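Pasted below: entry.csv, CSV, C-alpha atoms.
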chain,number,residue,atom,x,y,z
A,1,MET,CA,107.3,112.6,126.4
A,2,ASP,CA,106.7,116.0,128.0
A,3,ASN,CA,103.0,116.6,128.2
A,4,SER,CA,103.3,120.0,129.8
A,5,ALA,CA,102.5,121.8,126.5
A,6,GLY,CA,99.0,120.2,126.5
A,7,PRO,CA,97.0,119.2,123.4
A,8,PRO,CA,96.8,121.8,120.7
A,9,LEU,CA,93.0,122.5,120.9
A,10,ALA,CA,92.8,122.8,124.7
A,11,GLY,CA,90.4,125.5,125.6
A,12,ILE,CA,88.3,125.2,122.4
A,13,THR,CA,84.7,124.2,122.9
A,14,VAL,CA,82.7,122.5,120.2
A,15,ILE,CA,78.9,121.9,120.2
A,16,ALA,CA,78.0,119.0,117.9
A,17,LEU,CA,74.5,118.4,116.7
A,18,GLU,CA,75.4,115.2,114.9
A,19,GLN,CA,74.7,111.7,114.0
A,20,ALA,CA,75.9,108.7,112.0
A,21,VAL,CA,79.5,108.9,110.7
A,22,ALA,CA,80.7,112.1,108.8
A,23,ALA,CA,80.2,114.7,111.5
A,24,PRO,CA,81.1,112.5,114.5
A,25,LEU,CA,84.4,111.6,112.7
A,26,ALA,CA,85.3,115.3,112.4
A,27,THR,CA,84.4,116.0,116.1
A,28,ARG,CA,86.1,112.9,117.4
A,29,HIS,CA,89.3,114.1,115.9
A,30,LEU,CA,88.7,117.6,117.4
A,31,ALA,CA,88.3,115.8,120.8
A,32,ASP,CA,91.5,113.8,120.2
A,33,LEU,CA,93.2,117.1,119.6
A,34,GLY,CA,92.1,118.4,123.0
A,35,ALA,CA,88.9,120.3,122.2
A,36,ARG,CA,85.9,119.9,124.5
A,37,VAL,CA,83.2,118.4,122.4
A,38,ILE,CA,79.6,118.5,123.7
A,39,LYS,CA,77.5,116.1,121.7
A,40,ILE,CA,73.8,116.9,121.6
A,41,GLU,CA,71.6,113.7,121.4
A,42,ARG,CA,67.9,113.0,121.1
A,43,VAL,CA,66.3,112.2,124.5
A,44,GLY,CA,66.0,108.5,125.1
A,45,GLU,CA,67.3,107.5,121.7
A,46,GLY,CA,70.5,109.4,121.0
A,47,ASP,CA,72.6,109.2,117.9
A,48,PHE,CA,71.1,106.3,115.8
A,49,ALA,CA,74.7,105.0,115.2
A,50,ARG,CA,74.4,103.7,118.8
A,51,ASN,CA,72.2,101.0,117.5
A,52,TYR,CA,74.0,99.9,114.3
A,53,ASP,CA,75.3,96.7,116.0
A,54,ASP,CA,76.3,95.4,119.4
A,55,ALA,CA,79.8,94.1,118.6
A,56,VAL,CA,81.8,95.9,121.3
A,57,HIS,CA,80.6,94.2,124.5
A,58,GLY,CA,77.1,95.3,123.6
A,59,LEU,CA,78.0,98.7,122.2
A,60,ALA,CA,77.9,99.6,118.5
A,61,SER,CA,81.3,99.5,116.7
A,62,HIS,CA,80.7,102.7,114.8
A,63,PHE,CA,79.7,104.6,117.9
A,64,VAL,CA,82.7,103.5,119.9
A,65,TRP,CA,85.0,104.4,117.0
A,66,LEU,CA,83.6,107.8,116.4
A,67,ASN,CA,82.6,109.2,119.8
A,68,ARG,CA,85.3,108.9,122.3
A,69,GLY,CA,86.3,111.9,124.3
A,70,LYS,CA,82.9,113.6,124.0
A,71,GLU,CA,80.3,114.7,126.5
A,72,SER,CA,76.7,113.4,125.8
A,73,VAL,CA,73.9,115.8,126.5
A,74,GLU,CA,70.3,114.9,125.9
A,75,LEU,CA,68.1,117.7,124.6
A,76,ASP,CA,64.6,117.7,123.1
A,77,LEU,CA,64.9,120.3,120.4
A,78,LYS,CA,61.2,120.0,119.6
A,79,THR,CA,60.7,122.1,122.8
A,80,GLU,CA,61.5,125.7,123.4
A,81,THR,CA,63.3,124.7,126.6
A,82,GLY,CA,65.6,122.4,124.7
A,83,ARG,CA,66.3,124.9,121.9
A,84,ASP,CA,67.0,127.6,124.5
A,85,VAL,CA,69.6,125.4,126.3
A,86,LEU,CA,71.3,124.7,122.9
A,87,ARG,CA,71.3,128.3,122.0
A,88,ARG,CA,72.9,129.2,125.3
A,89,LEU,CA,75.6,126.6,124.9
A,90,ILE,CA,76.4,127.7,121.4
A,91,ALA,CA,76.7,131.4,122.5
A,92,ARG,CA,79.7,130.4,124.7
A,93,ALA,CA,81.3,128.0,122.2
A,94,ASP,CA,84.0,128.3,119.6
A,95,VAL,CA,82.6,125.9,117.1
A,96,PHE,CA,79.1,124.6,116.2
A,97,LEU,CA,79.0,121.6,113.8
A,98,GLN,CA,75.8,120.0,112.6
A,99,ASN,CA,74.7,117.4,110.0
A,100,LEU,CA,70.9,117.5,110.2
A,101,ALA,CA,68.9,117.4,107.0
A,102,PRO,CA,69.5,120.5,104.8
A,103,GLY,CA,67.7,123.5,106.3
A,104,ALA,CA,66.6,121.7,109.5
A,105,ALA,CA,69.1,123.5,111.8
A,106,ALA,CA,68.0,126.9,110.4
A,107,ARG,CA,64.4,126.1,110.9
A,108,LEU,CA,65.1,125.3,114.5
A,109,GLY,CA,66.8,128.7,114.9
A,110,PHE,CA,70.4,127.5,114.5
A,111,GLY,CA,71.3,128.9,111.1
A,112,ALA,CA,74.9,130.2,110.7
A,113,GLU,CA,73.9,133.8,110.2
A,114,GLU,CA,71.6,133.9,113.2
A,115,LEU,CA,74.2,132.2,115.5
A,116,ARG,CA,77.1,134.4,114.4
A,117,ALA,CA,75.1,137.6,114.9
A,118,GLU,CA,75.1,136.7,118.6
A,119,ASN,CA,78.6,135.2,118.6
A,120,PRO,CA,80.7,136.8,115.8
A,121,GLY,CA,83.8,134.6,116.5
A,122,LEU,CA,81.8,131.4,116.2
A,123,VAL,CA,82.9,128.8,113.5
A,124,VAL,CA,79.8,127.2,112.1
A,125,ILE,CA,80.2,124.0,110.0
A,126,ASP,CA,77.0,122.8,108.2
A,127,MET,CA,77.4,119.3,106.8
A,128,SER,CA,75.1,117.7,104.3
A,129,GLY,CA,74.9,114.9,101.7
A,130,TYR,CA,74.6,116.9,98.5
A,131,GLY,CA,75.0,120.5,99.5
A,132,ASP,CA,72.5,123.3,100.4
A,133,ALA,CA,71.2,123.8,96.8
A,134,GLY,CA,70.7,122.0,93.6
A,135,PRO,CA,68.2,119.2,92.5
A,136,TYR,CA,69.7,116.6,94.9
A,137,ARG,CA,69.6,118.9,98.0
A,138,ASP,CA,66.9,117.0,99.8
A,139,ARG,CA,67.7,113.5,98.8
A,140,LYS,CA,68.8,110.8,101.3
A,141,ALA,CA,72.6,110.7,101.2
A,142,TYR,CA,73.8,107.5,102.8
A,143,ASP,CA,77.5,106.7,102.1
A,144,MET,CA,76.7,104.0,99.5
A,145,LEU,CA,74.4,106.3,97.6
A,146,VAL,CA,76.9,109.1,97.4
A,147,GLN,CA,79.6,106.6,96.3
A,148,ALA,CA,77.3,105.7,93.5
A,149,GLU,CA,76.4,109.2,92.5
A,150,THR,CA,80.0,110.4,92.4
A,151,GLY,CA,81.3,107.6,90.2
A,152,LEU,CA,83.3,105.9,93.0
A,153,ILE,CA,81.4,102.6,92.6
A,154,SER,CA,82.0,102.7,88.9
A,155,VAL,CA,85.8,102.5,89.3
A,156,THR,CA,85.8,100.1,92.3
A,157,GLY,CA,85.6,96.4,92.1
A,158,THR,CA,86.6,93.9,89.4
A,159,ALA,CA,86.0,94.0,85.6
A,160,ASP,CA,83.0,91.8,86.2
A,161,ASP,CA,81.5,93.3,89.3
A,162,ALA,CA,81.3,96.9,90.7
A,163,ALA,CA,81.6,97.4,94.4
A,164,LYS,CA,81.4,100.1,97.0
A,165,THR,CA,84.5,100.5,99.1
A,166,GLY,CA,84.7,98.4,102.3
A,167,ILE,CA,84.7,101.5,104.5
A,168,PRO,CA,82.4,104.5,104.4
A,169,THR,CA,84.6,106.5,102.1
A,170,SER,CA,82.2,109.4,101.4
A,171,ASP,CA,81.4,109.8,105.1
A,172,ILE,CA,85.1,109.8,105.9
A,173,ALA,CA,86.0,112.3,103.1
A,174,ALA,CA,83.4,114.7,104.4
A,175,GLY,CA,84.4,114.3,108.0
A,176,MET,CA,88.1,115.1,107.1
A,177,TYR,CA,87.2,118.2,105.1
A,178,ALA,CA,85.0,119.4,108.0
A,179,LEU,CA,87.9,118.9,110.4
A,180,THR,CA,90.2,120.8,108.0
A,181,SER,CA,87.6,123.6,107.8
A,182,VAL,CA,87.4,123.9,111.6
A,183,LEU,CA,91.1,124.1,112.0
A,184,SER,CA,91.6,126.6,109.2
A,185,ALA,CA,88.8,128.8,110.5
A,186,LEU,CA,90.3,128.8,114.0
A,187,VAL,CA,93.7,129.8,112.6
A,188,ARG,CA,92.1,132.7,110.7
A,189,ARG,CA,90.0,133.7,113.7
A,190,ALA,CA,93.2,133.9,115.8
A,191,ILE,CA,94.6,136.4,113.3
A,192,THR,CA,91.5,138.4,112.4
A,193,GLY,CA,89.0,137.7,115.2
A,194,ALA,CA,86.3,136.7,112.7
A,195,GLY,CA,84.4,133.4,112.8
A,196,ALA,CA,83.3,131.5,109.8
A,197,SER,CA,80.4,129.8,108.1
A,198,VAL,CA,81.5,126.7,106.1
A,199,ALA,CA,79.4,124.2,104.2
A,200,VAL,CA,80.8,120.7,103.6
A,201,SER,CA,79.0,118.0,101.6
A,202,MET,CA,79.7,114.3,101.2
A,203,PHE,CA,79.1,114.7,97.5
A,204,ASP,CA,81.6,117.5,97.0
A,205,ALA,CA,84.2,115.7,99.2
A,206,THR,CA,83.9,112.5,97.2
A,207,VAL,CA,84.0,114.2,93.8
A,208,GLU,CA,87.2,115.9,94.9
A,209,TRP,CA,88.7,112.4,95.7
A,210,MET,CA,87.7,111.3,92.2
A,211,GLY,CA,90.3,113.5,90.6
A,212,HIS,CA,92.3,111.0,88.5
A,213,PRO,CA,89.3,109.2,87.0
A,214,LEU,CA,87.6,112.6,86.4
A,215,TYR,CA,90.6,113.9,84.4
A,216,MET,CA,90.8,110.7,82.5
A,217,ARG,CA,87.1,111.2,81.5
A,218,LEU,CA,87.5,114.9,80.8
A,219,TYR,CA,90.7,114.7,78.8
A,220,GLY,CA,91.4,111.1,78.0
A,221,ASP,CA,87.8,110.6,76.9
A,222,ARG,CA,87.5,107.2,78.6
A,223,GLN,CA,86.1,105.6,81.7
A,224,THR,CA,88.7,104.4,84.2
A,225,PRO,CA,88.2,100.6,84.2
A,226,ARG,CA,87.7,98.6,87.4
A,227,SER,CA,90.9,96.9,88.2
A,228,GLY,CA,90.4,94.9,91.4
A,229,VAL,CA,93.4,95.5,93.6
A,230,GLY,CA,95.3,96.6,90.6
A,231,HIS,CA,95.9,100.1,89.3
A,232,ALA,CA,94.2,101.4,86.2
A,233,ALA,CA,97.1,103.6,85.2
A,234,ILE,CA,100.2,101.7,86.4
A,235,VAL,CA,101.7,98.3,85.5
A,236,PRO,CA,102.9,96.1,87.3
A,237,TYR,CA,100.7,97.1,90.2
A,238,ASP,CA,98.6,94.1,91.4
A,239,ARG,CA,98.5,90.9,93.3
A,240,TYR,CA,100.8,88.2,92.1
A,241,PRO,CA,101.0,84.5,93.0
A,242,THR,CA,103.7,82.9,95.2
A,243,SER,CA,104.4,79.2,95.8
A,244,ASP,CA,102.3,79.4,99.0
A,245,GLY,CA,100.0,82.4,98.5
A,246,GLU,CA,100.2,85.8,96.9
A,247,ILE,CA,101.7,89.2,97.4
A,248,LEU,CA,101.0,92.8,96.2
A,249,ILE,CA,103.7,94.5,94.2
A,250,GLY,CA,103.4,98.2,93.2
A,251,VAL,CA,106.0,99.6,90.8
A,252,GLN,CA,105.6,103.3,90.6
A,253,ASN,CA,108.2,104.2,87.8
A,254,ASP,CA,110.4,102.8,85.1
A,255,ARG,CA,113.4,102.6,87.4
A,256,GLY,CA,111.4,100.5,89.8
A,257,TRP,CA,110.4,98.2,86.9
A,258,ARG,CA,114.1,97.6,86.1
A,259,VAL,CA,114.9,96.8,89.7
A,260,LEU,CA,112.0,94.4,90.0
A,261,ILE,CA,112.5,92.5,86.8
A,262,ALA,CA,116.3,92.4,86.8
A,263,GLU,CA,117.4,92.3,90.5
A,264,VAL,CA,114.5,90.6,92.2
A,265,LEU,CA,113.0,88.3,89.5
A,266,GLY,CA,116.3,87.6,87.7
A,267,ARG,CA,115.2,88.6,84.1
A,268,PRO,CA,117.8,91.4,83.3
A,269,GLU,CA,117.2,90.9,79.5
A,270,LEU,CA,113.7,92.4,80.0
A,271,ALA,CA,114.8,95.5,81.9
A,272,ASP,CA,115.2,97.7,78.9
A,273,ASP,CA,113.1,95.8,76.4
A,274,PRO,CA,111.1,98.5,74.5
A,275,ARG,CA,107.9,96.5,74.9
A,276,TYR,CA,108.1,97.0,78.7
A,277,ALA,CA,110.6,99.8,79.4
A,278,THR,CA,108.0,102.5,80.0
A,279,ASN,CA,104.8,102.5,82.0
A,280,ILE,CA,102.8,103.6,79.0
A,281,ALA,CA,104.1,100.5,77.1
A,282,ARG,CA,103.4,98.2,80.0
A,283,VAL,CA,99.9,99.5,80.4
A,284,GLN,CA,99.2,98.7,76.8
A,285,ARG,CA,100.4,95.2,77.4
A,286,ARG,CA,98.9,94.8,80.9
A,287,ALA,CA,97.9,91.1,80.6
A,288,GLU,CA,101.2,90.2,79.0
A,289,VAL,CA,103.3,92.0,81.7
A,290,ASP,CA,101.2,90.6,84.6
A,291,ASP,CA,101.6,87.1,83.2
A,292,LEU,CA,105.3,87.6,82.9
A,293,VAL,CA,105.7,88.8,86.4
A,294,ALA,CA,103.4,86.1,87.8
A,295,ALA,CA,105.5,83.4,86.1
A,296,GLU,CA,108.5,84.6,88.1
A,297,THR,CA,106.9,85.4,91.5
A,298,LYS,CA,105.4,82.0,91.9
A,299,ARG,CA,109.0,80.5,92.1
A,300,PHE,CA,109.3,82.0,95.6
A,301,THR,CA,107.4,81.6,98.9
A,302,THR,CA,105.6,84.7,100.1
A,303,ASP,CA,108.2,85.3,102.9
A,304,GLU,CA,111.1,84.8,100.5
A,305,LEU,CA,109.8,87.2,97.9
A,306,ASP,CA,108.7,89.8,100.5
A,307,ALA,CA,112.2,89.9,101.9
A,308,LYS,CA,113.8,90.2,98.4
A,309,LEU,CA,111.4,93.0,97.4
A,310,ALA,CA,112.1,94.9,100.7
A,311,ASP,CA,115.9,94.5,100.3
A,312,ALA,CA,115.7,95.8,96.7
A,313,GLY,CA,113.4,98.7,97.7
A,314,VAL,CA,110.5,97.5,95.5
A,315,PRO,CA,107.1,98.4,97.1
A,316,ALA,CA,105.2,95.3,98.2
A,317,ALA,CA,102.8,94.2,100.9
A,318,GLU,CA,101.1,91.2,102.3
A,319,ILE,CA,97.3,91.1,101.9
A,320,ARG,CA,96.2,91.0,105.5
A,321,ASP,CA,92.8,90.2,106.9
A,322,LEU,CA,91.6,92.3,109.9
A,323,GLU,CA,93.1,89.8,112.4
A,324,GLY,CA,96.4,90.4,110.7
A,325,VAL,CA,95.9,94.2,111.3
A,326,VAL,CA,95.0,93.7,115.0
A,327,SER,CA,98.2,91.7,115.4
A,328,HIS,CA,100.3,93.9,113.1
A,329,PRO,CA,103.9,94.3,114.3
A,330,GLN,CA,104.0,97.9,113.1
A,331,LEU,CA,101.3,98.7,115.7
A,332,ALA,CA,102.6,96.5,118.4
A,333,GLU,CA,106.3,97.6,118.2
A,334,ARG,CA,105.3,101.3,118.1
A,335,ASN,CA,103.0,100.9,121.1
A,336,ARG,CA,100.0,102.3,119.2
A,337,TRP,CA,97.2,100.6,121.3
A,338,ARG,CA,95.5,102.2,124.3
A,339,ASP,CA,92.5,101.4,126.5
A,340,VAL,CA,89.5,103.7,126.3
A,341,GLY,CA,86.7,103.7,128.9
A,342,THR,CA,83.1,103.0,128.0
A,343,GLU,CA,80.0,102.3,130.1
A,344,VAL,CA,80.7,98.6,129.8
A,345,GLY,CA,84.4,98.8,130.7
A,346,PRO,CA,87.6,99.5,128.8
A,347,VAL,CA,88.0,98.7,125.1
A,348,ARG,CA,91.1,98.8,122.9
A,349,ALA,CA,91.6,101.7,120.5
A,350,VAL,CA,94.5,102.8,118.3
A,351,LEU,CA,96.2,106.1,119.0
A,352,PRO,CA,95.2,109.1,116.7
A,353,PRO,CA,97.2,109.2,113.6
A,354,MET,CA,98.4,112.8,114.4
A,355,THR,CA,101.5,112.1,116.5
A,356,PHE,CA,102.8,115.2,118.2
A,357,ALA,CA,106.4,115.0,119.5
A,358,ASP,CA,105.7,116.9,122.7
A,359,VAL,CA,102.3,115.5,123.8
A,360,GLU,CA,100.3,112.3,123.5
A,361,LEU,CA,96.8,113.3,122.4
A,362,PRO,CA,94.0,112.5,124.8
A,363,MET,CA,91.7,109.6,124.2
A,364,GLY,CA,88.7,110.2,126.4
A,365,ASP,CA,85.9,107.8,127.3
A,366,VAL,CA,83.0,106.9,125.0
A,367,PRO,CA,80.0,108.5,126.7
A,368,ALA,CA,76.8,106.8,127.7
A,369,LEU,CA,73.6,108.4,126.4
A,370,GLY,CA,73.0,111.6,128.4
A,371,GLN,CA,75.9,110.9,130.8
A,372,HIS,CA,76.8,114.6,131.0
A,373,THR,CA,73.4,116.3,130.8
A,374,ALA,CA,73.1,117.2,134.4
A,375,ALA,CA,76.7,118.3,134.8
A,376,VAL,CA,76.7,120.4,131.6
A,377,LEU,CA,73.4,122.1,132.5
A,378,ALA,CA,74.6,122.8,136.0
A,379,GLU,CA,77.9,124.3,134.7
A,380,LEU,CA,76.0,126.5,132.2
A,381,ALA,CA,73.7,127.8,134.9
A,382,GLN,CA,76.7,128.6,137.1
A,383,VAL,CA,78.6,130.4,134.3
A,384,GLU,CA,75.5,132.5,133.5
A,385,LYS,CA,75.1,133.3,137.1
A,386,ASN,CA,78.6,134.6,137.3
A,387,GLU,CA,78.4,136.7,134.1
A,388,PRO,CA,78.0,140.4,134.6

Full structure transcribed into structure tokens:
Amino acid sequence: MDNSAGPPLAGITVIALEQAVAAPLATRHLADLGARVIKIERVGEGDFARNYDDAVHGLASHFVWLNRGKESVELDLKTETGRDVLRRLIARADVFLQNLAPGAAARLGFGAEELRAENPGLVVIDMSGYGDAGPYRDRKAYDMLVQAETGLISVTGTADDAAKTGIPTSDIAAGMYALTSVLSALVRRAITGAGASVAVSMFDATVEWMGHPLYMRLYGDRQTPRSGVGHAAIVPYDRYPTSDGEILIGVQNDRGWRVLIAEVLGRPELADDPRYATNIARVQRRAEVDDLVAAETKRFTTDELDAKLADAGVPAAEIRDLEGVVSHPQLAERNRWRDVGTEVGPVRAVLPPMTFADVELPMGDVPALGQHTAAVLAELAQVEKNEP
């Protein structure tokens, strides 16, 4: 691979006044893409995600995941000195991203309008839980709470028990829309020279991801049922027993049904049976179809059935635990693991999912709290000294 082209965001500087998950995820991707990300942290305490757990050789798993490649600068924004330093850093930056409580950044003097008056090309991303207006504006907006308010929990889990997702979906959704907003605004700035002010909320991001259930409610006049690992609108699409375990099978269309039932499971007489020939018909007979498929799948071992399904082109997957993911051959054979530096030594990390043909994206170290404060402040003073 020729790395001479450099990462795509080389030369872009991001100031991040951030904590927890949503904003740090967005800026970590910016750092992976080559931007310089300066993370502003509370003096002596830092991002509270530093203390969620101590699973990674004493460091918090969330923090290690979300903060590689950044520079940590401690500032006390309760003081005029701290606010002045932040203001000076932002004045020379391309992007300012923050996820303080609604209105808090503006009260400190870091509202988008004020900042862009001094730096018109600045891209300002204000992240929040529920948005900057409305009756929920000032409510706490932890991931689980937003999942509940947006209906995500109502469609997640089994028929008997609702559940939140096993990862912070609302945080991740907001982080990805913040990332998209930054990239889009930078493209527009390259064309017009104008910066941008963008608001991204966890609530709005998650509601967007609820598209299918929302339309079922709006136009189908029904609540999408909780279906476990199954699919509320497609059958067969679930976990099925084998002689030594189970396997996931996901048939997306009627042609796939015919291949599954006739070629893989050996029941060609059912391929065009009008009771099962269309997905609409199969959904109406969900339990009957699932029982029919299960009666056939349990004749095979998991490995045998997995091979038959793959050969026939029927979508299927093993249900892996996290140890199975760590040892997954798809990661190993494609050389997706790298070592990332931390204050306690190297840790493993997976390459960013954006794979450029001409450059491997950088994976910088996870910073210790305040590790770069002195260097960044000295650099700022030198830059200001050299300015006309």

Selected residue, from A:Thr192, A:Asn279, A:Ser154, A:Thr297, that lies nearest to Gly245 of chain A when counting only C-alpha atoms: A:Thr297

Within 12 Å of Thr355 of chain A using only C-alpha atoms, minus same-chain residues under 5 positions, as a PyMOL selection string: chain A and resi 1+7-8+32-33+334+336+350+360-362

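Considering all atoms listed in the file, the residue among A:Leu248, A:Leu25, A:Val314, A:Ala194 positioned nearest to Thr180 of chain A is A:Leu25.
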
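The list of residues with at least one atom within 12 Å of segment 345-348 of chain A, based on only C-alpha atoms and without residues fewer than 5 positions apart in the same chain, reads Ala55, Val56, His57, Gly58, Leu59, Ser61, Val64, Trp65, Arg68, Val326, Arg336, Trp337, Arg338, Asp339, Val340, Met363, Gly364, Asp365, Val366, Pro367 and Ala368 of chain A.
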
So that I have them on file, write out the residues from the current selection with C-alpha atoms, as an mmCIF file, in the frame of the given file.
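out-v8.cif was written with the following content:
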data_model
loop_
_atom_site.group_PDB
_atom_site.id
_atom_site.type_symbol
_atom_site.label_atom_id
_atom_site.label_comp_id
_atom_site.auth_asym_id
_atom_site.auth_seq_id
_atom_site.Cartn_x
_atom_site.Cartn_y
_atom_site.Cartn_z
ATOM 1 C CA ALA A 55 79.800 94.100 118.600
ATOM 2 C CA VAL A 56 81.800 95.900 121.300
ATOM 3 C CA HIS A 57 80.600 94.200 124.500
ATOM 4 C CA GLY A 58 77.100 95.300 123.600
ATOM 5 C CA LEU A 59 78.000 98.700 122.200
ATOM 6 C CA SER A 61 81.300 99.500 116.700
ATOM 7 C CA VAL A 64 82.700 103.500 119.900
ATOM 8 C CA TRP A 65 85.000 104.400 117.000
ATOM 9 C CA ARG A 68 85.300 108.900 122.300
ATOM 10 C CA VAL A 326 95.000 93.700 115.000
ATOM 11 C CA ARG A 336 100.000 102.300 119.200
ATOM 12 C CA TRP A 337 97.200 100.600 121.300
ATOM 13 C CA ARG A 338 95.500 102.200 124.300
ATOM 14 C CA ASP A 339 92.500 101.400 126.500
ATOM 15 C CA VAL A 340 89.500 103.700 126.300
ATOM 16 C CA MET A 363 91.700 109.600 124.200
ATOM 17 C CA GLY A 364 88.700 110.200 126.400
ATOM 18 C CA ASP A 365 85.900 107.800 127.300
ATOM 19 C CA VAL A 366 83.000 106.900 125.000
ATOM 20 C CA PRO A 367 80.000 108.500 126.700
ATOM 21 C CA ALA A 368 76.800 106.800 127.700
#

Straight-line distance linking atom CA of Glu114 of chain A with atom CA of Ala185 of chain A, stated in Å to one decimal: 18.1 Å

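Closest approach to Gln223 of chain A among A:Leu183, A:Val251, A:Gly313, A:Gly151 is made by A:Gly151 (distances from only C-alpha atoms).
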
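Minimum atom-to-atom distances from A:Thr302, A:Thr342, A:Asn99, A:Thr206 to Asp143 of chain A were compared using only C-alpha atoms, and the lowest value belongs to A:Thr206.
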
Residue contacts of Ile153 of chain A (9 Å, only C-alpha atoms) excluding same-chain residues fewer than 3 positions away, as number ranges by chain: A: 144, 147-150, 156-157, 162-165

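Each of A:Gly193, A:Gly103, A:Pro315, A:Gly256 was compared to Asp238 of chain A using all atoms listed in the file, and A:Pro315 turns out to be the nearest.
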
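Distances to Thr158 of chain A were evaluated for A:Ile40, A:Val259, A:Val229, A:Ala174 using all atoms listed in the file, and the minimum falls at A:Val229.
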
Point (96.3, 102.6, 81.9), cut-off 9 Å, counting only C-alpha atoms, residues as a VMD selection string: chain A and resid 224 to 225 231 to 235 279 to 280 282 to 284 286
